[in-house]
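Asks: Sharing a structure here in C-alpha cells format.
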Amino acid sequence: MQDGEVIIEQQGTAGIIRLNRPRALNSLTLPMIRAITEALDGFASDAGVASVVATGEGERGFCAGGDIRALHESARAGDGLAGAFWREEFSLNHQIAVYPKPYVALMDGITMGGGVGLSSHGRHRIVTERTRLAMPETGIGYVPDVGATWLLPKAPGEAGTWLGLTGLDIGAADAIHAGLADRHIASSRLGAVIEALSALPLDSSSSDVDALLQQFAEPAGESRLRQNAAMIDRAFRFDSVEEILAALAGEEGDFAAETRRVLSTRSPTSLKLALALLRAGRRSASLAECLGRELGACLQMLDNPDFFEGIRAAVIDKDRNPKWSPASVEAVGAARIEHFLKPAEPPLSL
C-alpha cells in the first residue's frame with residue numbers, strides 16, 4: 001500500500017509502517033488504526049519479515065496523537081465513532097506490547113498521546129534530538145490513556161506522575177530516563193537505521209536488533225527530570241492533588257514554580273482522575289487491566305463538559321483559555337471521580 005494515510009511497504013526483511021498525515025502531524029484516525037492493525041497482523045505471519053519499523057512522514061512529528069477534532073465532533077453527534085476509536089486504538093496498543101517480532105518505533109519529532117501508545121509499548125523505542133514527547137491530556141479536559149497508566153507508574157520515582165499531571169513535553173534524555181524510550185539516534189541517521197534493519201537475516205532476534213541500534217546510538221544529554229528528581233519525588237508522592245499542590249507551594253526554585261503554574265491551568269477534574277488512574281495503574285498486574293480501566297474513563301468523558309471545553313479552547317477556537325467546570329480542584333468531589341471509574345460496557349476484548 002503506497003498511498004493513503006498509512007503507507008505499508010517491505011524493504012528487504014523489514015516491514016515498514018509509515019504514518020502519512022504530515023500536515024496533521026500524523027494524528028491518528030480510525031481508518032489509520034485499522035490499517036496499522038492489519039499491517040501488523042500481516043507482518044507477524046510473513047516469514048519474509050524479520051522486524052517491523054514504525055515511522056512518521058514529514059520532519060515535524062512521529063504522531064501527535066488521536067485526531068481530537070474528529071473525536072470532539074463524534075462526541076457531539078453521539079455517533080459512536082469516538083468509542084470505536086478508543087476500543088480499537090487500545091487493542092492496537094496491546095498488540096504492539098505483545099508483538100512477536102522486533103518492533104522498532106522511530107519517535108522523531110512530536111510524539112504525543114496516541115503517538116506514545118504506538119511507540120512506547122514497543123520493544124525498541126528510538127528518540128532523536130527533535131523528539132518532543134508528552135501525554136498532554138489534562139490540558140484538554142481528558143486523561144492519559146493508550147496504556148499510559150501502565151507505563152508512567154514504572155518511571156523512576158514520581159517522574160511518571162509529574163508527566164501525567166502536568167502534560168508537559170520532554171526531550172530525548174527525559175524520555176529515556178522515564179523509561180518511555182531506549183536509545184537516542186540522530187535524526188539524520190534514521191534512513192541508515194532502516195537500511196540496516198532491512199538487511200538483517202530472517203532469523204534475527206530482538207537482541208540482534210538491539211545490537212544493531214546500539215551501533216547508531218549516541219548520548220542523549222542531561223535529563224531535566226533526573227536533575228529535579230528529588231523535588232518531584234517529594235511533591236508528587238501524595239495521593240491527592242491538593243496535597244501535591246500544597247507540597248509544590250513549599251518548594252523553592254523555578255522548576256517547582258513552573259510546575260505549580262502549569263497545574264493551575266489544567267482541568268481540575270482531569271487532574272484528580274488522572275492521579276486516580278495512575279495510582280490504580282501502579283497497583284495493576286497488566287497492561288490489559290490498565291487499558292480496560294482507561295476505556296471506562298474515556299467513555300464517561302463523552303459526558304464531561306471539560307472534554308468539550310478543552311478541545312474547543314485548544315483546536316477549535318484556539319483561544320487557549322478554557323473555562324473548567326468545576327473550576328477548582330477543591331470543588332471536584334470523590335463521587336465525581338468514582339463516576340469516571342465505571343467499567344466499560346462491553347469490556348475491552350484483547
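Identifiers for the C-alpha cells are assigned positionally: chains receive A, B, ... in sequence, residues are indexed from 1 per chain, and ligands are indexed from 1 in the order shown.
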Run DSSP on the backbone and give me the residues of range 106-167 of chain A it puts in strand (DSSP E), as a list of chain:residue names.
Replies: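 Secondary structure check on range 106-167 of chain A, strand (DSSP E): A:Leu106, A:Met107, A:Ile110, A:Thr111, A:Met112, A:His124, A:Arg125, A:Ile126, A:Val127, A:Arg132, A:Leu133, A:Ala134.
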Asks: Give me the residues near range 330-335 of chain A as a ChimeraX atom specification, where near means some atom within 8 Å (using only C-alpha atoms) and where sequence neighbours in that chain fewer than 3 positions away do not count.
Replies: /A:242,268-269,272,326-327,338-339
Asks: Find the residues near range 47-53 of chain A: any atom within 10 Å, counting only C-alpha atoms, skip ones fewer than 3 places away on the same chain, and give them as a PDB file with all heavy atoms, in the first residue's frame.
Replies:
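selection.pdb written:
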```
ATOM      1  N   GLN A  10       7.469  -3.185   2.301  1.00  0.00           N
ATOM      2  CA  GLN A  10       8.537  -4.046   2.798  1.00  0.00           C
ATOM      3  C   GLN A  10       9.836  -3.656   2.123  1.00  0.00           C
ATOM      4  O   GLN A  10       9.901  -3.501   0.895  1.00  0.00           O
ATOM      5  CB  GLN A  10       8.226  -5.524   2.541  1.00  0.00           C
ATOM      6  CG  GLN A  10       9.274  -6.455   3.155  1.00  0.00           C
ATOM      7  CD  GLN A  10       8.862  -7.917   3.099  1.00  0.00           C
ATOM      8  OE1 GLN A  10       7.678  -8.227   2.937  1.00  0.00           O
ATOM      9  NE2 GLN A  10       9.826  -8.819   3.252  1.00  0.00           N
ATOM     10  N   GLN A  11      10.872  -3.469   2.935  1.00  0.00           N
ATOM     11  CA  GLN A  11      12.195  -3.121   2.436  1.00  0.00           C
ATOM     12  C   GLN A  11      13.151  -4.193   2.947  1.00  0.00           C
ATOM     13  O   GLN A  11      13.447  -4.241   4.138  1.00  0.00           O
ATOM     14  CB  GLN A  11      12.605  -1.741   2.945  1.00  0.00           C
ATOM     15  CG  GLN A  11      13.940  -1.250   2.425  1.00  0.00           C
ATOM     16  CD  GLN A  11      14.227   0.177   2.865  1.00  0.00           C
ATOM     17  OE1 GLN A  11      13.311   0.999   2.969  1.00  0.00           O
ATOM     18  NE2 GLN A  11      15.487   0.481   3.126  1.00  0.00           N
ATOM     19  N   GLY A  12      13.605  -5.060   2.049  1.00  0.00           N
ATOM     20  CA  GLY A  12      14.418  -6.185   2.492  1.00  0.00           C
ATOM     21  C   GLY A  12      13.617  -7.053   3.445  1.00  0.00           C
ATOM     22  O   GLY A  12      12.493  -7.454   3.156  1.00  0.00           O
ATOM     23  N   THR A  13      14.190  -7.303   4.623  1.00  0.00           N
ATOM     24  CA  THR A  13      13.480  -8.120   5.620  1.00  0.00           C
ATOM     25  C   THR A  13      12.701  -7.278   6.623  1.00  0.00           C
ATOM     26  O   THR A  13      12.173  -7.809   7.600  1.00  0.00           O
ATOM     27  CB  THR A  13      14.481  -9.003   6.388  1.00  0.00           C
ATOM     28  OG1 THR A  13      15.395  -8.159   7.108  1.00  0.00           O
ATOM     29  CG2 THR A  13      15.255  -9.917   5.438  1.00  0.00           C
ATOM     30  N   ALA A  14      12.625  -5.979   6.401  1.00  0.00           N
ATOM     31  CA  ALA A  14      11.924  -5.088   7.330  1.00  0.00           C
ATOM     32  C   ALA A  14      10.546  -4.709   6.793  1.00  0.00           C
ATOM     33  O   ALA A  14      10.410  -4.248   5.651  1.00  0.00           O
ATOM     34  CB  ALA A  14      12.734  -3.827   7.584  1.00  0.00           C
ATOM     35  N   GLY A  15       9.531  -4.890   7.619  1.00  0.00           N
ATOM     36  CA  GLY A  15       8.211  -4.367   7.303  1.00  0.00           C
ATOM     37  C   GLY A  15       8.135  -2.929   7.789  1.00  0.00           C
ATOM     38  O   GLY A  15       8.525  -2.644   8.921  1.00  0.00           O
ATOM     39  N   ILE A  16       7.675  -2.026   6.941  1.00  0.00           N
ATOM     40  CA  ILE A  16       7.675  -0.601   7.267  1.00  0.00           C
ATOM     41  C   ILE A  16       6.239  -0.083   7.335  1.00  0.00           C
ATOM     42  O   ILE A  16       5.439  -0.328   6.426  1.00  0.00           O
ATOM     43  CB  ILE A  16       8.453   0.225   6.219  1.00  0.00           C
ATOM     44  CG1 ILE A  16       9.797  -0.430   5.874  1.00  0.00           C
ATOM     45  CG2 ILE A  16       8.636   1.660   6.712  1.00  0.00           C
ATOM     46  CD1 ILE A  16      10.796  -0.420   6.991  1.00  0.00           C
ATOM     47  N   ILE A  17       5.932   0.614   8.422  1.00  0.00           N
ATOM     48  CA  ILE A  17       4.643   1.276   8.584  1.00  0.00           C
ATOM     49  C   ILE A  17       4.914   2.766   8.686  1.00  0.00           C
ATOM     50  O   ILE A  17       5.559   3.228   9.629  1.00  0.00           O
ATOM     51  CB  ILE A  17       3.906   0.784   9.844  1.00  0.00           C
ATOM     52  CG1 ILE A  17       3.616  -0.711   9.741  1.00  0.00           C
ATOM     53  CG2 ILE A  17       2.622   1.573  10.059  1.00  0.00           C
ATOM     54  CD1 ILE A  17       3.054  -1.319  11.011  1.00  0.00           C
ATOM     55  N   ARG A  18       4.451   3.526   7.694  1.00  0.00           N
ATOM     56  CA  ARG A  18       4.687   4.973   7.654  1.00  0.00           C
ATOM     57  C   ARG A  18       3.367   5.717   7.855  1.00  0.00           C
ATOM     58  O   ARG A  18       2.457   5.594   7.036  1.00  0.00           O
ATOM     59  CB  ARG A  18       5.313   5.393   6.325  1.00  0.00           C
ATOM     60  CG  ARG A  18       6.655   4.723   6.018  1.00  0.00           C
ATOM     61  CD  ARG A  18       7.243   5.257   4.707  1.00  0.00           C
ATOM     62  NE  ARG A  18       8.459   4.558   4.332  1.00  0.00           N
ATOM     63  CZ  ARG A  18       9.679   4.876   4.771  1.00  0.00           C
ATOM     64  NH1 ARG A  18       9.816   5.908   5.590  1.00  0.00           N
ATOM     65  NH2 ARG A  18      10.737   4.201   4.380  1.00  0.00           N
ATOM     66  N   ALA A  39      -1.705  -4.317   9.089  1.00  0.00           N
ATOM     67  CA  ALA A  39      -0.313  -4.462   8.667  1.00  0.00           C
ATOM     68  C   ALA A  39       0.483  -5.299   9.668  1.00  0.00           C
ATOM     69  O   ALA A  39       1.270  -6.167   9.276  1.00  0.00           O
ATOM     70  CB  ALA A  39       0.327  -3.089   8.503  1.00  0.00           C
ATOM     71  N   LEU A  40       0.273  -5.055  10.943  1.00  0.00           N
ATOM     72  CA  LEU A  40       0.990  -5.824  11.963  1.00  0.00           C
ATOM     73  C   LEU A  40       0.593  -7.296  11.904  1.00  0.00           C
ATOM     74  O   LEU A  40       1.452  -8.185  12.054  1.00  0.00           O
ATOM     75  CB  LEU A  40       0.700  -5.253  13.348  1.00  0.00           C
ATOM     76  CG  LEU A  40       1.367  -3.902  13.657  1.00  0.00           C
ATOM     77  CD1 LEU A  40       0.922  -3.397  15.026  1.00  0.00           C
ATOM     78  CD2 LEU A  40       2.886  -4.015  13.615  1.00  0.00           C
ATOM     79  N   GLY A  42      -0.339  -8.891   9.252  1.00  0.00           N
ATOM     80  CA  GLY A  42       0.292  -9.447   8.063  1.00  0.00           C
ATOM     81  C   GLY A  42       1.779  -9.682   8.246  1.00  0.00           C
ATOM     82  O   GLY A  42       2.304 -10.747   7.874  1.00  0.00           O
ATOM     83  N   PHE A  43       2.478  -8.721   8.813  1.00  0.00           N
ATOM     84  CA  PHE A  43       3.917  -8.869   9.018  1.00  0.00           C
ATOM     85  C   PHE A  43       4.228  -9.987  10.010  1.00  0.00           C
ATOM     86  O   PHE A  43       5.246 -10.679   9.889  1.00  0.00           O
ATOM     87  CB  PHE A  43       4.524  -7.559   9.514  1.00  0.00           C
ATOM     88  CG  PHE A  43       4.606  -6.478   8.462  1.00  0.00           C
ATOM     89  CD1 PHE A  43       4.392  -5.140   8.806  1.00  0.00           C
ATOM     90  CD2 PHE A  43       4.907  -6.778   7.146  1.00  0.00           C
ATOM     91  CE1 PHE A  43       4.480  -4.140   7.854  1.00  0.00           C
ATOM     92  CE2 PHE A  43       4.996  -5.778   6.174  1.00  0.00           C
ATOM     93  CZ  PHE A  43       4.781  -4.450   6.535  1.00  0.00           C
ATOM     94  N   ALA A  44       3.373 -10.165  11.014  1.00  0.00           N
ATOM     95  CA  ALA A  44       3.617 -11.204  12.025  1.00  0.00           C
ATOM     96  C   ALA A  44       3.617 -12.595  11.402  1.00  0.00           C
ATOM     97  O   ALA A  44       4.379 -13.474  11.818  1.00  0.00           O
ATOM     98  CB  ALA A  44       2.571 -11.115  13.131  1.00  0.00           C
ATOM     99  N   TYR A  99       3.822  -7.943  20.631  1.00  0.00           N
ATOM    100  CA  TYR A  99       4.137  -8.313  19.243  1.00  0.00           C
ATOM    101  C   TYR A  99       5.260  -9.349  19.194  1.00  0.00           C
ATOM    102  O   TYR A  99       6.263  -9.214  19.895  1.00  0.00           O
ATOM    103  CB  TYR A  99       4.524  -7.068  18.449  1.00  0.00           C
ATOM    104  CG  TYR A  99       4.387  -7.249  16.958  1.00  0.00           C
ATOM    105  CD1 TYR A  99       3.132  -7.485  16.391  1.00  0.00           C
ATOM    106  CD2 TYR A  99       5.494  -7.203  16.120  1.00  0.00           C
ATOM    107  CE1 TYR A  99       2.989  -7.670  15.028  1.00  0.00           C
ATOM    108  CE2 TYR A  99       5.365  -7.376  14.749  1.00  0.00           C
ATOM    109  CZ  TYR A  99       4.096  -7.617  14.209  1.00  0.00           C
ATOM    110  OH  TYR A  99       3.955  -7.800  12.857  1.00  0.00           O
ATOM    111  N   PRO A 100       5.110 -10.373  18.376  1.00  0.00           N
ATOM    112  CA  PRO A 100       6.084 -11.470  18.387  1.00  0.00           C
ATOM    113  C   PRO A 100       7.413 -11.188  17.686  1.00  0.00           C
ATOM    114  O   PRO A 100       8.384 -11.921  17.883  1.00  0.00           O
ATOM    115  CB  PRO A 100       5.324 -12.595  17.669  1.00  0.00           C
ATOM    116  CG  PRO A 100       4.381 -11.879  16.745  1.00  0.00           C
ATOM    117  CD  PRO A 100       3.943 -10.662  17.504  1.00  0.00           C
ATOM    118  N   LYS A 101       7.451 -10.156  16.864  1.00  0.00           N
ATOM    119  CA  LYS A 101       8.690  -9.817  16.164  1.00  0.00           C
ATOM    120  C   LYS A 101       9.229  -8.486  16.679  1.00  0.00           C
ATOM    121  O   LYS A 101       8.476  -7.678  17.234  1.00  0.00           O
ATOM    122  CB  LYS A 101       8.449  -9.737  14.651  1.00  0.00           C
ATOM    123  CG  LYS A 101       8.082 -11.083  14.031  1.00  0.00           C
ATOM    124  CD  LYS A 101       7.906 -10.997  12.517  1.00  0.00           C
ATOM    125  CE  LYS A 101       7.596 -12.374  11.941  1.00  0.00           C
ATOM    126  NZ  LYS A 101       7.450 -12.337  10.455  1.00  0.00           N
ATOM    127  N   PRO A 102      10.529  -8.235  16.528  1.00  0.00           N
ATOM    128  CA  PRO A 102      11.072  -6.949  16.962  1.00  0.00           C
ATOM    129  C   PRO A 102      10.338  -5.786  16.309  1.00  0.00           C
ATOM    130  O   PRO A 102      10.188  -5.734  15.082  1.00  0.00           O
ATOM    131  CB  PRO A 102      12.531  -7.012  16.493  1.00  0.00           C
ATOM    132  CG  PRO A 102      12.847  -8.467  16.437  1.00  0.00           C
ATOM    133  CD  PRO A 102      11.569  -9.129  15.983  1.00  0.00           C
ATOM    134  N   TYR A 103       9.852  -4.873  17.152  1.00  0.00           N
ATOM    135  CA  TYR A 103       9.086  -3.706  16.703  1.00  0.00           C
ATOM    136  C   TYR A 103       9.906  -2.473  17.056  1.00  0.00           C
ATOM    137  O   TYR A 103      10.216  -2.237  18.224  1.00  0.00           O
ATOM    138  CB  TYR A 103       7.736  -3.685  17.409  1.00  0.00           C
ATOM    139  CG  TYR A 103       6.842  -2.509  17.104  1.00  0.00           C
ATOM    140  CD1 TYR A 103       5.888  -2.563  16.091  1.00  0.00           C
ATOM    141  CD2 TYR A 103       6.927  -1.337  17.853  1.00  0.00           C
ATOM    142  CE1 TYR A 103       5.041  -1.482  15.833  1.00  0.00           C
ATOM    143  CE2 TYR A 103       6.090  -0.260  17.604  1.00  0.00           C
ATOM    144  CZ  TYR A 103       5.148  -0.333  16.589  1.00  0.00           C
ATOM    145  OH  TYR A 103       4.324   0.728  16.344  1.00  0.00           O
ATOM    146  N   VAL A 104      10.266  -1.691  16.035  1.00  0.00           N
ATOM    147  CA  VAL A 104      11.137  -0.529  16.211  1.00  0.00           C
ATOM    148  C   VAL A 104      10.332   0.731  15.916  1.00  0.00           C
ATOM    149  O   VAL A 104       9.831   0.910  14.805  1.00  0.00           O
ATOM    150  CB  VAL A 104      12.354  -0.604  15.267  1.00  0.00           C
ATOM    151  CG1 VAL A 104      13.283   0.582  15.509  1.00  0.00           C
ATOM    152  CG2 VAL A 104      13.100  -1.923  15.453  1.00  0.00           C
ATOM    153  N   ALA A 105      10.208   1.599  16.911  1.00  0.00           N
ATOM    154  CA  ALA A 105       9.484   2.863  16.737  1.00  0.00           C
ATOM    155  C   ALA A 105      10.491   3.997  16.642  1.00  0.00           C
ATOM    156  O   ALA A 105      11.335   4.160  17.532  1.00  0.00           O
ATOM    157  CB  ALA A 105       8.532   3.092  17.901  1.00  0.00           C
ATOM    158  N   LEU A 106      10.399   4.774  15.577  1.00  0.00           N
ATOM    159  CA  LEU A 106      11.285   5.920  15.370  1.00  0.00           C
ATOM    160  C   LEU A 106      10.526   7.175  15.783  1.00  0.00           C
ATOM    161  O   LEU A 106       9.762   7.745  15.011  1.00  0.00           O
ATOM    162  CB  LEU A 106      11.728   5.980  13.907  1.00  0.00           C
ATOM    163  CG  LEU A 106      12.420   4.717  13.379  1.00  0.00           C
ATOM    164  CD1 LEU A 106      12.853   4.906  11.924  1.00  0.00           C
ATOM    165  CD2 LEU A 106      13.604   4.322  14.249  1.00  0.00           C
ATOM    166  N   HIS A 124      11.620  -1.701  20.909  1.00  0.00           N
ATOM    167  CA  HIS A 124      12.780  -0.855  20.592  1.00  0.00           C
ATOM    168  C   HIS A 124      12.277   0.548  20.281  1.00  0.00           C
ATOM    169  O   HIS A 124      11.697   0.793  19.228  1.00  0.00           O
ATOM    170  CB  HIS A 124      13.548  -1.421  19.396  1.00  0.00           C
ATOM    171  CG  HIS A 124      13.913  -2.874  19.567  1.00  0.00           C
ATOM    172  ND1 HIS A 124      15.004  -3.282  20.286  1.00  0.00           N
ATOM    173  CD2 HIS A 124      13.299  -3.998  19.118  1.00  0.00           C
ATOM    174  CE1 HIS A 124      15.068  -4.604  20.274  1.00  0.00           C
ATOM    175  NE2 HIS A 124      14.051  -5.067  19.571  1.00  0.00           N
ATOM    176  N   VAL A 193      19.453   3.656   9.591  1.00  0.00           N
ATOM    177  CA  VAL A 193      18.937   2.657  10.523  1.00  0.00           C
ATOM    178  C   VAL A 193      17.954   1.727   9.811  1.00  0.00           C
ATOM    179  O   VAL A 193      18.040   0.494   9.933  1.00  0.00           O
ATOM    180  CB  VAL A 193      18.255   3.342  11.729  1.00  0.00           C
ATOM    181  CG1 VAL A 193      17.451   2.327  12.540  1.00  0.00           C
ATOM    182  CG2 VAL A 193      19.290   4.013  12.619  1.00  0.00           C
ATOM    183  N   ILE A 194      17.031   2.296   9.054  1.00  0.00           N
ATOM    184  CA  ILE A 194      16.057   1.476   8.329  1.00  0.00           C
ATOM    185  C   ILE A 194      16.769   0.587   7.312  1.00  0.00           C
ATOM    186  O   ILE A 194      16.440  -0.603   7.161  1.00  0.00           O
ATOM    187  CB  ILE A 194      15.007   2.371   7.640  1.00  0.00           C
ATOM    188  CG1 ILE A 194      14.158   3.094   8.684  1.00  0.00           C
ATOM    189  CG2 ILE A 194      14.120   1.546   6.711  1.00  0.00           C
ATOM    190  CD1 ILE A 194      13.157   4.083   8.103  1.00  0.00           C
ATOM    191  N   LEU A 197      18.354  -2.261   9.203  1.00  0.00           N
ATOM    192  CA  LEU A 197      17.345  -3.217   9.641  1.00  0.00           C
ATOM    193  C   LEU A 197      16.846  -4.075   8.480  1.00  0.00           C
ATOM    194  O   LEU A 197      16.569  -5.266   8.644  1.00  0.00           O
ATOM    195  CB  LEU A 197      16.168  -2.475  10.280  1.00  0.00           C
ATOM    196  CG  LEU A 197      16.424  -1.859  11.661  1.00  0.00           C
ATOM    197  CD1 LEU A 197      15.287  -0.909  12.031  1.00  0.00           C
ATOM    198  CD2 LEU A 197      16.571  -2.948  12.722  1.00  0.00           C
ATOM    199  N   SER A 198      16.743  -3.474   7.315  1.00  0.00           N
ATOM    200  CA  SER A 198      16.239  -4.204   6.151  1.00  0.00           C
ATOM    201  C   SER A 198      17.206  -5.284   5.676  1.00  0.00           C
ATOM    202  O   SER A 198      16.814  -6.186   4.941  1.00  0.00           O
ATOM    203  CB  SER A 198      15.957  -3.234   5.002  1.00  0.00           C
ATOM    204  OG  SER A 198      17.165  -2.726   4.450  1.00  0.00           O
ATOM    205  N   ALA A 199      18.463  -5.191   6.130  1.00  0.00           N
ATOM    206  CA  ALA A 199      19.480  -6.171   5.729  1.00  0.00           C
ATOM    207  C   ALA A 199      19.668  -7.273   6.762  1.00  0.00           C
ATOM    208  O   ALA A 199      20.503  -8.160   6.581  1.00  0.00           O
ATOM    209  CB  ALA A 199      20.806  -5.458   5.484  1.00  0.00           C
ATOM    210  N   LEU A 200      18.915  -7.250   7.849  1.00  0.00           N
ATOM    211  CA  LEU A 200      19.070  -8.265   8.884  1.00  0.00           C
ATOM    212  C   LEU A 200      18.618  -9.640   8.374  1.00  0.00           C
ATOM    213  O   LEU A 200      17.650  -9.743   7.610  1.00  0.00           O
ATOM    214  CB  LEU A 200      18.244  -7.900  10.111  1.00  0.00           C
ATOM    215  CG  LEU A 200      18.822  -6.854  11.052  1.00  0.00           C
ATOM    216  CD1 LEU A 200      17.781  -6.492  12.121  1.00  0.00           C
ATOM    217  CD2 LEU A 200      20.101  -7.365  11.711  1.00  0.00           C
ATOM    218  N   PRO A 201      19.279 -10.695   8.816  1.00  0.00           N
ATOM    219  CA  PRO A 201      18.832 -12.049   8.452  1.00  0.00           C
ATOM    220  C   PRO A 201      17.434 -12.328   8.998  1.00  0.00           C
ATOM    221  O   PRO A 201      17.011 -11.750   9.995  1.00  0.00           O
ATOM    222  CB  PRO A 201      19.883 -12.952   9.127  1.00  0.00           C
ATOM    223  CG  PRO A 201      21.071 -12.089   9.353  1.00  0.00           C
ATOM    224  CD  PRO A 201      20.530 -10.704   9.595  1.00  0.00           C
ATOM    225  N   LEU A 202      16.748 -13.252   8.366  1.00  0.00           N
ATOM    226  CA  LEU A 202      15.373 -13.538   8.753  1.00  0.00           C
ATOM    227  C   LEU A 202      15.263 -14.160  10.141  1.00  0.00           C
ATOM    228  O   LEU A 202      14.207 -14.087  10.769  1.00  0.00           O
ATOM    229  CB  LEU A 202      14.724 -14.473   7.728  1.00  0.00           C
ATOM    230  CG  LEU A 202      14.379 -13.812   6.381  1.00  0.00           C
ATOM    231  CD1 LEU A 202      13.929 -14.857   5.374  1.00  0.00           C
ATOM    232  CD2 LEU A 202      13.290 -12.767   6.585  1.00  0.00           C
ATOM    233  N   ASP A 203      16.342 -14.775  10.619  1.00  0.00           N
ATOM    234  CA  ASP A 203      16.287 -15.386  11.944  1.00  0.00           C
ATOM    235  C   ASP A 203      16.776 -14.445  13.041  1.00  0.00           C
ATOM    236  O   ASP A 203      17.084 -14.872  14.159  1.00  0.00           O
ATOM    237  CB  ASP A 203      17.113 -16.679  11.978  1.00  0.00           C
ATOM    238  CG  ASP A 203      18.593 -16.445  11.648  1.00  0.00           C
ATOM    239  OD1 ASP A 203      18.955 -15.307  11.277  1.00  0.00           O
ATOM    240  OD2 ASP A 203      19.381 -17.409  11.761  1.00  0.00           O
ATOM    241  N   SER A 204      16.828 -13.143  12.750  1.00  0.00           N
ATOM    242  CA  SER A 204      17.332 -12.178  13.725  1.00  0.00           C
ATOM    243  C   SER A 204      16.399 -12.084  14.936  1.00  0.00           C
ATOM    244  O   SER A 204      15.175 -12.115  14.806  1.00  0.00           O
ATOM    245  CB  SER A 204      17.455 -10.796  13.080  1.00  0.00           C
ATOM    246  OG  SER A 204      18.424 -10.821  12.064  1.00  0.00           O
ATOM    247  N   SER A 205      17.010 -11.966  16.101  1.00  0.00           N
ATOM    248  CA  SER A 205      16.266 -11.859  17.348  1.00  0.00           C
ATOM    249  C   SER A 205      16.186 -10.403  17.786  1.00  0.00           C
ATOM    250  O   SER A 205      16.817  -9.513  17.204  1.00  0.00           O
ATOM    251  CB  SER A 205      16.957 -12.671  18.436  1.00  0.00           C
ATOM    252  OG  SER A 205      18.227 -12.083  18.742  1.00  0.00           O
ATOM    253  N   SER A 206      15.434 -10.169  18.853  1.00  0.00           N
ATOM    254  CA  SER A 206      15.362  -8.834  19.422  1.00  0.00           C
ATOM    255  C   SER A 206      16.738  -8.363  19.887  1.00  0.00           C
ATOM    256  O   SER A 206      17.070  -7.193  19.769  1.00  0.00           O
ATOM    257  CB  SER A 206      14.372  -8.825  20.593  1.00  0.00           C
ATOM    258  OG  SER A 206      14.194  -7.524  21.090  1.00  0.00           O
ATOM    259  N   VAL A 209      18.596  -7.020  16.917  1.00  0.00           N
ATOM    260  CA  VAL A 209      18.115  -5.679  16.570  1.00  0.00           C
ATOM    261  C   VAL A 209      18.674  -4.652  17.545  1.00  0.00           C
ATOM    262  O   VAL A 209      19.118  -3.569  17.149  1.00  0.00           O
ATOM    263  CB  VAL A 209      16.571  -5.649  16.566  1.00  0.00           C
ATOM    264  CG1 VAL A 209      16.058  -4.212  16.437  1.00  0.00           C
ATOM    265  CG2 VAL A 209      16.030  -6.511  15.440  1.00  0.00           C
TER     266      VAL A 209
END
```
Asks: Hey, can you check how far CA of Val127 in chain A sits from CA of Gly113 in chain A?
Replies: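 Answer for the CA of Val127 in chain A to CA of Gly113 in chain A separation: 15.5 Å.
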Asks: Using only C-alpha atoms, pick whichever of A:Leu151, A:Leu213, A:Ala82, A:Cys63 has the shortest atom-to-atom distance to Ala97 in chain A.
Replies: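 That would be A:Leu151, the residue with the smallest distance to Ala97 in chain A.
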Asks: Report the residues of range 83-207 of chain A whose backbone DSSP state falls under helix (DSSP H, G or I), written as a ChimeraX atom specification.
Replies: /A:83-97,114-119,137-140,148-154,159-166,172-177,187-198,206-207
Asks: Considering only C-alpha atoms, can you say which of A:Ala246, A:Leu19, A:Ala70, A:Ala35 comes closest to Val315 in chain A?
Replies: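 Smallest distance to Val315 in chain A is found for A:Ala70.
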Asks: Do you know which residues are at most 12 Å from range 342-346 of chain A counting only C-alpha atoms, after dropping those on the same chain fewer than 6 positions away, and could you put them as a PyMOL selection string?
Replies: chain A and resi 83-84+86-87+277+289-301+335-336
Asks: Which residues are near range 24-29 of chain A? Cut-off 10 Å, only C-alpha atoms, ignore same chain within fewer than 2 positions. Put them as a PyMOL selection string.
Replies: chain A and resi 5-6+18-22+31-35+55-68+70-71+85+89+109-115
Asks: At a cut-off of 6 Å, using only C-alpha atoms, what residues contact Trp150 in chain A? Leave out same-chain residues fewer than 3 positions from it and give the result as a list in words.
Replies: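 Using only C-alpha atoms, the neighbours found are Gly147, Gly281, Leu287 and Cys290 of chain A.
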Asks: Could you jot down the CA of Ala220 in chain A to CA of His184 in chain A separation for me, Å, one decimal place?
Replies: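 Separation of CA of Ala220 in chain A and CA of His184 in chain A: 5.6 Å.
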Asks: Tell me which protein, DNA and RNA residues are within 9 Å of Arg234 in chain A, counting only C-alpha atoms, leaving out same-chain ones fewer than 5 positions away, and put them as JSON, numbers by chain.
Replies: {"A": [158, 229, 244, 247, 248]}
Asks: For Arg320 in chain A, which residue out of A:Ala77, A:Asp182, A:Asp169, A:Ile140 is the nearest one, using only C-alpha atoms?
Replies: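 So, comparing all the options, the nearest one is A:Ile140.
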Asks: Quick one, how far is CA of Asp174 in chain A from CA of Ser264 in chain A?
Replies: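 These two atoms are separated by 22.9 Å.
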